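J.: If it helps, the file is called run.cif and holds mmCIF, C-alpha atoms:
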```cif
data_entry
#
loop_
_atom_site.label_atom_id
_atom_site.label_comp_id
_atom_site.auth_asym_id
_atom_site.auth_seq_id
_atom_site.Cartn_x
_atom_site.Cartn_y
_atom_site.Cartn_z
CA MET A 905 88.59 109.96 105.88
CA THR A 906 91.88 108.34 104.78
CA LEU A 907 94.53 107.87 107.42
CA GLN A 908 97.26 110.49 107.00
CA VAL A 909 100.82 109.51 107.92
CA TYR A 910 103.33 112.35 108.32
CA GLY A 911 107.05 111.77 108.04
CA HIS A 912 110.11 111.24 105.88
CA ARG A 913 111.66 108.02 104.63
CA LEU A 914 114.96 108.96 106.24
CA SER A 915 113.18 108.22 109.52
CA GLN A 916 113.28 104.60 110.71
CA PRO A 917 110.09 104.91 112.81
CA PHE A 918 108.25 106.43 109.85
CA ARG A 919 109.36 103.61 107.56
CA ALA A 920 108.15 101.08 110.13
CA VAL A 921 104.70 102.69 110.23
CA ILE A 922 104.21 102.83 106.46
CA LEU A 923 105.59 99.30 106.02
CA PHE A 924 103.09 98.12 108.63
CA CYS A 925 100.28 99.86 106.71
CA LYS A 926 101.32 98.39 103.38
CA VAL A 927 101.73 94.84 104.68
CA ASN A 928 98.36 94.90 106.40
CA GLY A 929 96.45 96.62 103.60
CA ILE A 930 95.70 99.73 105.63
CA LYS A 931 94.85 102.61 103.31
CA TYR A 932 96.79 105.77 104.05
CA GLU A 933 98.05 109.02 102.56
CA GLU A 934 101.78 109.59 102.91
CA ILE A 935 102.54 113.24 103.68
CA THR A 936 106.22 114.10 103.45
CA VAL A 937 107.71 116.20 106.22
CA ASP A 938 111.19 117.00 104.90
CA LEU A 939 113.67 116.44 107.72
CA THR A 940 116.53 117.87 105.64
CA LYS A 941 114.66 121.18 105.69
CA HIS A 942 113.59 120.83 109.33
CA GLN A 943 109.94 120.97 108.38
CA GLN A 944 109.10 118.96 111.49
CA LYS A 945 110.09 122.04 113.50
CA SER A 946 107.90 124.44 111.56
CA PRO A 947 105.31 126.35 113.62
CA ALA A 948 102.45 124.96 111.51
CA TYR A 949 103.52 121.33 111.95
CA ILE A 950 104.06 121.76 115.69
CA ALA A 951 100.73 123.53 116.13
CA GLU A 952 98.61 121.29 113.93
CA ILE A 953 100.26 117.85 113.90
CA ASN A 954 102.88 117.10 116.53
CA PRO A 955 103.79 119.52 119.35
CA MET A 956 107.01 117.53 119.90
CA GLY A 957 108.23 118.51 116.44
CA GLN A 958 109.05 114.94 115.42
CA VAL A 959 108.01 112.27 112.93
CA PRO A 960 106.12 110.10 112.43
CA ALA A 961 102.67 111.35 113.27
CA ILE A 962 99.22 110.35 112.07
CA ALA A 963 95.84 111.98 111.66
CA ASP A 964 92.90 109.58 111.55
CA GLY A 965 90.00 111.92 110.98
CA THR A 966 90.13 114.35 113.88
CA PHE A 967 92.23 111.98 115.98
CA LYS A 968 95.97 112.71 115.97
CA LEU A 969 98.80 110.62 117.40
CA PHE A 970 102.59 110.64 117.40
CA GLU A 971 105.42 108.33 118.56
CA SER A 972 105.86 105.31 116.33
CA HIS A 973 105.20 102.57 118.86
CA ALA A 974 101.99 104.26 120.00
CA ILE A 975 100.98 104.61 116.35
CA LEU A 976 101.68 100.93 115.60
CA THR A 977 99.71 99.87 118.67
CA TYR A 978 96.80 102.13 117.70
CA LEU A 979 96.75 100.79 114.14
CA ALA A 980 96.77 97.24 115.47
CA ILE A 981 93.84 98.00 117.77
CA VAL A 982 91.65 99.71 115.16
CA ASN A 983 92.40 96.95 112.65
CA PRO A 984 91.32 93.76 114.44
CA GLU A 985 92.95 91.45 111.89
CA VAL A 986 96.40 92.77 112.89
CA ALA A 987 98.23 91.28 115.86
CA ASP A 988 99.29 93.70 118.62
CA HIS A 989 102.82 93.28 119.95
CA CYS A 990 105.54 95.38 121.57
CA SER A 991 108.53 96.50 119.54
CA ILE A 992 112.28 96.45 120.06
CA ALA A 993 114.38 99.53 119.35
CA VAL A 994 118.02 99.85 118.43
CA VAL A 995 119.51 103.02 116.97
CA LEU A 996 122.69 103.50 115.01
CA GLN A 997 123.54 106.86 113.48
CA THR A 998 126.65 107.43 111.48
CA LYS A 999 126.57 108.85 107.97
CA LEU A 1000 123.00 110.17 108.04
CA ALA A 1001 123.69 113.02 110.47
CA PRO A 1002 124.80 115.59 107.85
CA LEU A 1003 121.62 114.99 105.87
CA ILE A 1004 119.58 116.45 108.71
CA GLY A 1005 122.01 119.26 109.47
CA GLN A 1006 123.93 117.57 112.27
CA PRO A 1007 127.72 117.01 112.45
CA LEU A 1008 129.21 113.54 112.46
CA ASN A 1009 130.16 112.40 115.95
CA PRO A 1010 132.61 109.45 115.85
CA ALA A 1011 132.50 108.96 119.63
CA ALA A 1012 128.71 108.81 119.67
CA ALA A 1013 128.76 106.51 116.64
CA ALA A 1014 131.18 104.13 118.38
CA LYS A 1015 129.02 104.08 121.50
CA ALA A 1016 125.90 103.46 119.42
CA GLU A 1017 127.66 100.64 117.58
CA LYS A 1018 128.49 98.91 120.87
CA LEU A 1019 124.85 99.14 121.92
CA LEU A 1020 123.75 97.84 118.53
CA ILE A 1021 126.13 94.87 118.68
CA SER A 1022 124.91 94.06 122.18
CA ALA A 1023 121.29 94.19 120.97
CA LEU A 1024 122.05 92.06 117.90
CA SER A 1025 123.67 89.49 120.16
CA LYS A 1026 120.54 89.32 122.29
CA VAL A 1027 118.28 89.04 119.26
CA GLU A 1028 120.48 86.25 117.90
CA SER A 1029 120.80 84.27 121.14
CA ILE A 1030 117.38 84.88 122.72
CA TRP A 1031 114.70 86.04 120.30
CA LEU A 1032 115.82 83.90 117.36
CA ASP A 1033 117.29 80.95 119.25
CA GLY A 1034 115.40 77.79 118.30
CA ASN A 1035 112.81 79.94 116.57
CA ASN A 1036 110.91 77.75 114.15
CA GLY A 1037 108.57 80.50 112.99
CA GLY A 1038 111.32 82.61 111.46
CA PHE A 1039 110.25 85.79 113.25
CA LEU A 1040 110.90 87.35 116.64
CA LEU A 1041 107.83 86.01 118.40
CA GLY A 1042 107.87 82.60 116.77
CA ASN A 1043 105.06 83.52 114.39
CA ASP A 1044 104.96 82.51 110.75
CA GLN A 1045 104.32 86.15 109.77
CA PRO A 1046 106.15 89.33 110.90
CA SER A 1047 104.67 91.28 113.82
CA ILE A 1048 105.03 94.91 114.85
CA ALA A 1049 108.24 93.90 116.64
CA ASP A 1050 109.72 92.53 113.43
CA LEU A 1051 108.76 95.55 111.33
CA SER A 1052 110.01 98.06 113.88
CA LEU A 1053 113.36 96.37 114.44
CA VAL A 1054 114.08 95.47 110.84
CA CYS A 1055 113.54 99.09 109.77
CA GLU A 1056 116.10 100.20 112.35
CA ILE A 1057 118.66 97.59 111.31
CA MET A 1058 118.17 98.58 107.68
CA GLU A 1059 119.85 101.88 108.56
CA LEU A 1060 123.07 99.87 108.18
CA GLU A 1061 122.46 99.77 104.43
CA VAL A 1062 123.78 103.33 104.24
CA LEU A 1063 127.20 102.21 105.48
CA ASP A 1064 129.86 100.91 103.13
CA ASP A 1065 129.66 97.15 102.63
CA GLU A 1066 132.78 96.40 104.68
CA HIS A 1067 131.46 98.30 107.71
CA ARG A 1068 127.99 96.78 107.41
CA ASN A 1069 129.33 93.26 107.03
CA ARG A 1070 131.65 93.70 110.00
CA ILE A 1071 128.65 94.51 112.19
CA LEU A 1072 126.11 92.02 110.83
CA GLY A 1073 128.47 89.27 109.68
CA PRO A 1074 128.62 87.33 112.98
CA TYR A 1075 124.84 87.16 113.30
CA LYS A 1076 123.66 84.54 110.82
CA LYS A 1077 120.22 84.14 112.41
CA VAL A 1078 119.65 87.89 112.28
CA GLN A 1079 120.61 87.94 108.61
CA LYS A 1080 118.20 85.08 107.89
CA TRP A 1081 115.48 86.89 109.85
CA ILE A 1082 116.05 90.03 107.77
CA ASP A 1083 115.64 87.94 104.62
CA ASN A 1084 112.49 86.32 106.03
CA THR A 1085 111.00 89.73 106.82
CA ARG A 1086 112.00 91.12 103.43
CA ASN A 1087 110.36 88.18 101.65
CA ALA A 1088 107.22 88.28 103.79
CA THR A 1089 106.70 92.00 103.13
CA SER A 1090 107.67 92.02 99.45
CA PRO A 1091 107.34 94.14 97.36
CA TYR A 1092 106.77 96.85 99.95
CA PHE A 1093 110.01 96.23 101.83
CA HIS A 1094 112.20 97.41 98.97
CA GLU A 1095 109.87 100.30 98.20
CA VAL A 1096 109.94 101.85 101.67
CA HIS A 1097 113.72 101.47 101.95
CA GLN A 1098 114.47 102.75 98.46
CA LEU A 1099 115.62 106.13 99.78
CA LEU A 1100 118.32 104.45 101.87
CA PHE A 1101 119.63 102.60 98.81
CA GLN A 1102 119.67 105.85 96.85
CA ILE A 1103 121.56 107.64 99.63
CA LYS A 1104 124.18 104.88 99.71
CA GLU A 1105 124.62 105.02 95.93
CA SER A 1106 124.95 108.80 96.04
CA MET A 1107 127.56 108.62 98.81
CA GLN A 1108 129.53 106.00 96.90
CA ASN A 1109 129.46 108.15 93.77
CA ASN A 1110 130.65 111.19 95.72
CA GLN A 1111 133.49 109.19 97.26
CA SER A 1112 134.54 107.98 93.81
CA GLU A 1113 134.51 111.54 92.48
CA ASP A 1114 136.53 112.79 95.47
CA ALA A 1115 139.08 110.01 94.97
CA SER A 1116 139.33 110.86 91.28
CA ASP A 1117 139.82 114.56 92.03
CA SER A 1118 142.49 113.73 94.60
CA LYS A 1119 144.36 111.59 92.05
CA LYS A 1120 144.19 114.39 89.48
CA ASP A 1121 145.60 116.85 92.04
CA LEU A 1122 148.40 114.42 92.83
CA TYR A 1123 149.32 113.99 89.16
CA SER A 1124 149.25 117.75 88.59
CA LYS A 1125 151.92 118.18 91.27
CA MET A 1126 154.26 115.55 89.83
#
```
Written as structure tokens, that's how I'd like the structure from this file.

T.:
Amino acid sequence: MTLQVYGHRLSQPFRAVILFCKVNGIKYEEITVDLTKHQQKSPAYIAEINPMGQVPAIADGTFKLFESHAILTYLAIVNPEVADHCSIAVVLQTKLAPLIGQPLNPAAAAKAEKLLISALSKVESIWLDGNNGGFLLGNDQPSIADLSLVCEIMELEVLDDEHRNRILGPYKKVQKWIDNTRNATSPYFHEVHQLLFQIKESMQNNQSEDASDSKKDLYSKM
């Protein structure tokens, strides 16, 4: 039976799993669990797929597994040609919260940003320092660690360019590593992150429309 991968491309861990499958030629069926509709909390999903009510999850025949790092490790084990490594996790949530029915929390976002900057600094100064392979573990090809972390950092694409550049700008090695990972996983990299690019474009369009409406209101009062 074909491996079934449950999730939504808003989810960083889900994107990491499907990117891993694509890069390594692992055949799978992508089954969308719409987070914006809270389908991961539906009784059927909890009973049949993941009792934790989260994504991603997989079903490999009768075997079921959830939690992205466990899934990546499992896929590496059952596919001997794939290297098995640990992953690094960093989370930053800002503009995506309303899309899954949660309010924006500036204080939590600021705290998360500090943690992210601290993590980026460590990646820059430790994991990528003197790294001739171009990837986190010194390999000439991305590992699970690279795929997991790059999918998390790609969340920053949703931010406006000024905000994103302020965070990533100081970390030249990290930026080069992102480019290396993008190139090594092309064309799948762009495909699995397409939803993020679409969300950013939609947000920018909405901001432009709001600004235009505000200007019209201002002129109408003059």

J.: Point out the residue among A:Gly929, A:Glu1105, A:Thr1085, A:Leu1100 with the least atom-to-atom distance to Ala1049 (chain A), counting all atoms listed in the file.

T.: A:Thr1085

J.: Name every residue that the PyMOL selection byres ((chain A and resi 970-976) around 10) selects in this structure, writing the answer as a VMD selection string with chains first and numbers rising.

T.: chain A and resid 909 to 910 916 to 922 924 to 925 953 to 963 968 to 969 977 to 981 988 to 993 1048 to 1049 1051 to 1052

J.: Choose the residue, out of A:Ser1090, A:His912, A:Lys1026, A:Gly1034, that has the smallest atom-to-atom separation from Gln943 (chain A); count all atoms listed in the file.

T.: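 Looking only at the distances to Gln943 (chain A), the closest residue turns out to be A:His912.
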
J.: At a cut-off of 8 Å from (94.7, 109.1, 107.0) in the coordinates of the file, what residues are picked up using all atoms listed in the file, written as a list of chain:residue names?

T.: A:Met905, A:Thr906, A:Leu907, A:Gln908, A:Val909, A:Lys931, A:Tyr932, A:Glu933, A:Ile962, A:Ala963, A:Asp964, A:Gly965

J.: Have a look at CA of Tyr949 (chain A) and CA of Met1058 (chain A) and let me know their distance in Å, one decimal.

T.: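 About the pair CA of Tyr949 (chain A) and CA of Met1058 (chain A): they are 27.4 Å apart.
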
J.: How far is it from CA of Leu1041 (chain A) to CA of Arg1068 (chain A), in Å with one decimal?

T.: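 The value is 25.4 Å.
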
J.: Return the single residue from A:Glu1059, A:Val937, A:Ala1011, A:Asn1069 that is closest to Ile950 (chain A), with distances computed using all atoms listed in the file.

T.: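 Among the listed residues, the smallest separation from Ile950 (chain A) belongs to A:Val937.
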
J.: How many Å separate CA of Asp1065 (chain A) from CA of Ser1106 (chain A)?

T.: 14.2 Å

J.: Report, as JSON, the centre and edge lengths in Å (one decimal) of the axis-aligned box enclosing every listed atom of region 959-962 of chain A, padded by 4 Å on each side.

T.:
```
{"center_x": 103.6, "center_y": 111.2, "center_z": 112.7, "size_x": 16.8, "size_y": 10.2, "size_z": 9.2}
```

J.: Rank A:Gln1111, A:Asn983, A:Asn1084, A:Ser946 by their smallest atom-to-atom distance to Leu1040 (chain A), using only C-alpha atoms, and report the top residue only.

T.: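 Smallest distance to Leu1040 (chain A) is found for A:Asn1084.
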
J.: Using only C-alpha atoms, which protein or nucleic acid residues come within 10 Å of Lys1018 (chain A)? Drop anything in the same chain fewer than 5 positions from it, and give the result as an MDAnalysis selection string.

T.: chainID A and resid 996 1012:1013 1023:1024 1071

J.: Taking the file as shown, find all residues satisfying the PyMOL selection byres ((chain A and resi 1032) around 12) and write them as number ranges by chain.

T.: A: 1024-1031, 1033-1043, 1050, 1075-1082

J.: Counting all atoms listed in the file, what is within 10 Å of Arg1086 (chain A), bar same-chain residues fewer than 6 positions away, as a PyMOL selection string?

T.: chain A and resi 1046+1051+1054+1080+1092-1094

J.: Could you write region 1095-1106 of chain A as a compact mmCIF listing (two decimals), in the frame of the given file, with all heavy atoms rebuilt where they are missing?

T.:
```txt
# COMPACT_ATOMS: atom_id res chain seq x y z
N GLU A 1095 110.43 98.98 98.51
CA GLU A 1095 109.87 100.30 98.20
C GLU A 1095 110.11 101.30 99.33
O GLU A 1095 110.57 102.42 99.09
CB GLU A 1095 108.37 100.19 97.94
CG GLU A 1095 107.70 101.52 97.67
CD GLU A 1095 106.18 101.42 97.64
OE1 GLU A 1095 105.67 100.28 97.44
OE2 GLU A 1095 105.53 102.45 97.82
N VAL A 1096 109.83 100.88 100.57
CA VAL A 1096 109.94 101.85 101.67
C VAL A 1096 111.38 102.13 102.05
O VAL A 1096 111.66 103.14 102.71
CB VAL A 1096 109.14 101.38 102.91
CG1 VAL A 1096 107.69 101.18 102.58
CG2 VAL A 1096 109.73 100.11 103.52
N HIS A 1097 112.31 101.25 101.64
CA HIS A 1097 113.72 101.47 101.95
C HIS A 1097 114.51 102.01 100.76
O HIS A 1097 115.73 102.16 100.84
CB HIS A 1097 114.36 100.16 102.45
CG HIS A 1097 113.88 99.74 103.79
ND1 HIS A 1097 112.95 98.75 103.97
CD2 HIS A 1097 114.19 100.18 105.03
CE1 HIS A 1097 112.70 98.60 105.26
NE2 HIS A 1097 113.44 99.45 105.92
N GLN A 1098 113.81 102.31 99.67
CA GLN A 1098 114.47 102.75 98.46
C GLN A 1098 115.33 103.99 98.69
O GLN A 1098 116.42 104.14 98.11
CB GLN A 1098 113.44 103.03 97.36
CG GLN A 1098 114.04 103.43 96.02
CD GLN A 1098 114.89 102.34 95.39
OE1 GLN A 1098 114.66 101.16 95.62
NE2 GLN A 1098 115.90 102.74 94.63
N LEU A 1099 114.87 104.90 99.53
CA LEU A 1099 115.62 106.13 99.78
C LEU A 1099 116.98 105.81 100.38
O LEU A 1099 117.99 106.44 100.04
CB LEU A 1099 114.83 107.05 100.71
CG LEU A 1099 115.53 108.37 101.08
CD1 LEU A 1099 115.83 109.18 99.83
CD2 LEU A 1099 114.68 109.17 102.05
N LEU A 1100 117.04 104.82 101.28
CA LEU A 1100 118.32 104.45 101.87
C LEU A 1100 119.29 103.94 100.81
O LEU A 1100 120.49 104.27 100.82
CB LEU A 1100 118.13 103.36 102.94
CG LEU A 1100 117.36 103.76 104.20
CD1 LEU A 1100 117.33 102.59 105.17
CD2 LEU A 1100 117.97 104.98 104.85
N PHE A 1101 118.78 103.12 99.88
CA PHE A 1101 119.63 102.60 98.81
C PHE A 1101 120.13 103.74 97.93
O PHE A 1101 121.30 103.73 97.48
CB PHE A 1101 118.85 101.59 97.97
CG PHE A 1101 118.28 100.44 98.75
CD1 PHE A 1101 117.01 99.96 98.49
CD2 PHE A 1101 119.01 99.85 99.77
CE1 PHE A 1101 116.48 98.90 99.21
CE2 PHE A 1101 118.49 98.79 100.50
CZ PHE A 1101 117.22 98.31 100.22
N GLN A 1102 119.28 104.71 97.68
CA GLN A 1102 119.67 105.85 96.85
C GLN A 1102 120.74 106.70 97.55
O GLN A 1102 121.68 107.18 96.91
CB GLN A 1102 118.45 106.70 96.52
CG GLN A 1102 117.45 106.01 95.60
CD GLN A 1102 116.16 106.79 95.43
OE1 GLN A 1102 115.91 107.76 96.14
NE2 GLN A 1102 115.35 106.38 94.46
N ILE A 1103 120.58 106.87 98.86
CA ILE A 1103 121.56 107.64 99.63
C ILE A 1103 122.92 106.95 99.58
O ILE A 1103 123.96 107.59 99.38
CB ILE A 1103 121.10 107.82 101.08
CG1 ILE A 1103 119.90 108.77 101.14
CG2 ILE A 1103 122.23 108.36 101.96
CD1 ILE A 1103 119.26 108.85 102.51
N LYS A 1104 122.91 105.63 99.75
CA LYS A 1104 124.18 104.88 99.71
C LYS A 1104 124.84 105.03 98.35
O LYS A 1104 126.05 105.26 98.26
CB LYS A 1104 123.92 103.41 100.01
CG LYS A 1104 125.19 102.56 100.00
CD LYS A 1104 124.92 101.15 100.43
CE LYS A 1104 126.20 100.34 100.52
NZ LYS A 1104 125.98 98.99 101.06
N GLU A 1105 124.07 104.89 97.29
CA GLU A 1105 124.62 105.02 95.93
C GLU A 1105 125.20 106.41 95.71
O GLU A 1105 126.28 106.56 95.13
CB GLU A 1105 123.53 104.73 94.90
CG GLU A 1105 124.03 104.79 93.46
CD GLU A 1105 122.94 104.47 92.46
OE1 GLU A 1105 121.79 104.22 92.89
OE2 GLU A 1105 123.23 104.47 91.25
N SER A 1106 124.48 107.43 96.19
CA SER A 1106 124.95 108.80 96.04
C SER A 1106 126.26 109.02 96.79
O SER A 1106 127.19 109.66 96.28
CB SER A 1106 123.89 109.78 96.54
OG SER A 1106 124.34 111.11 96.48
```
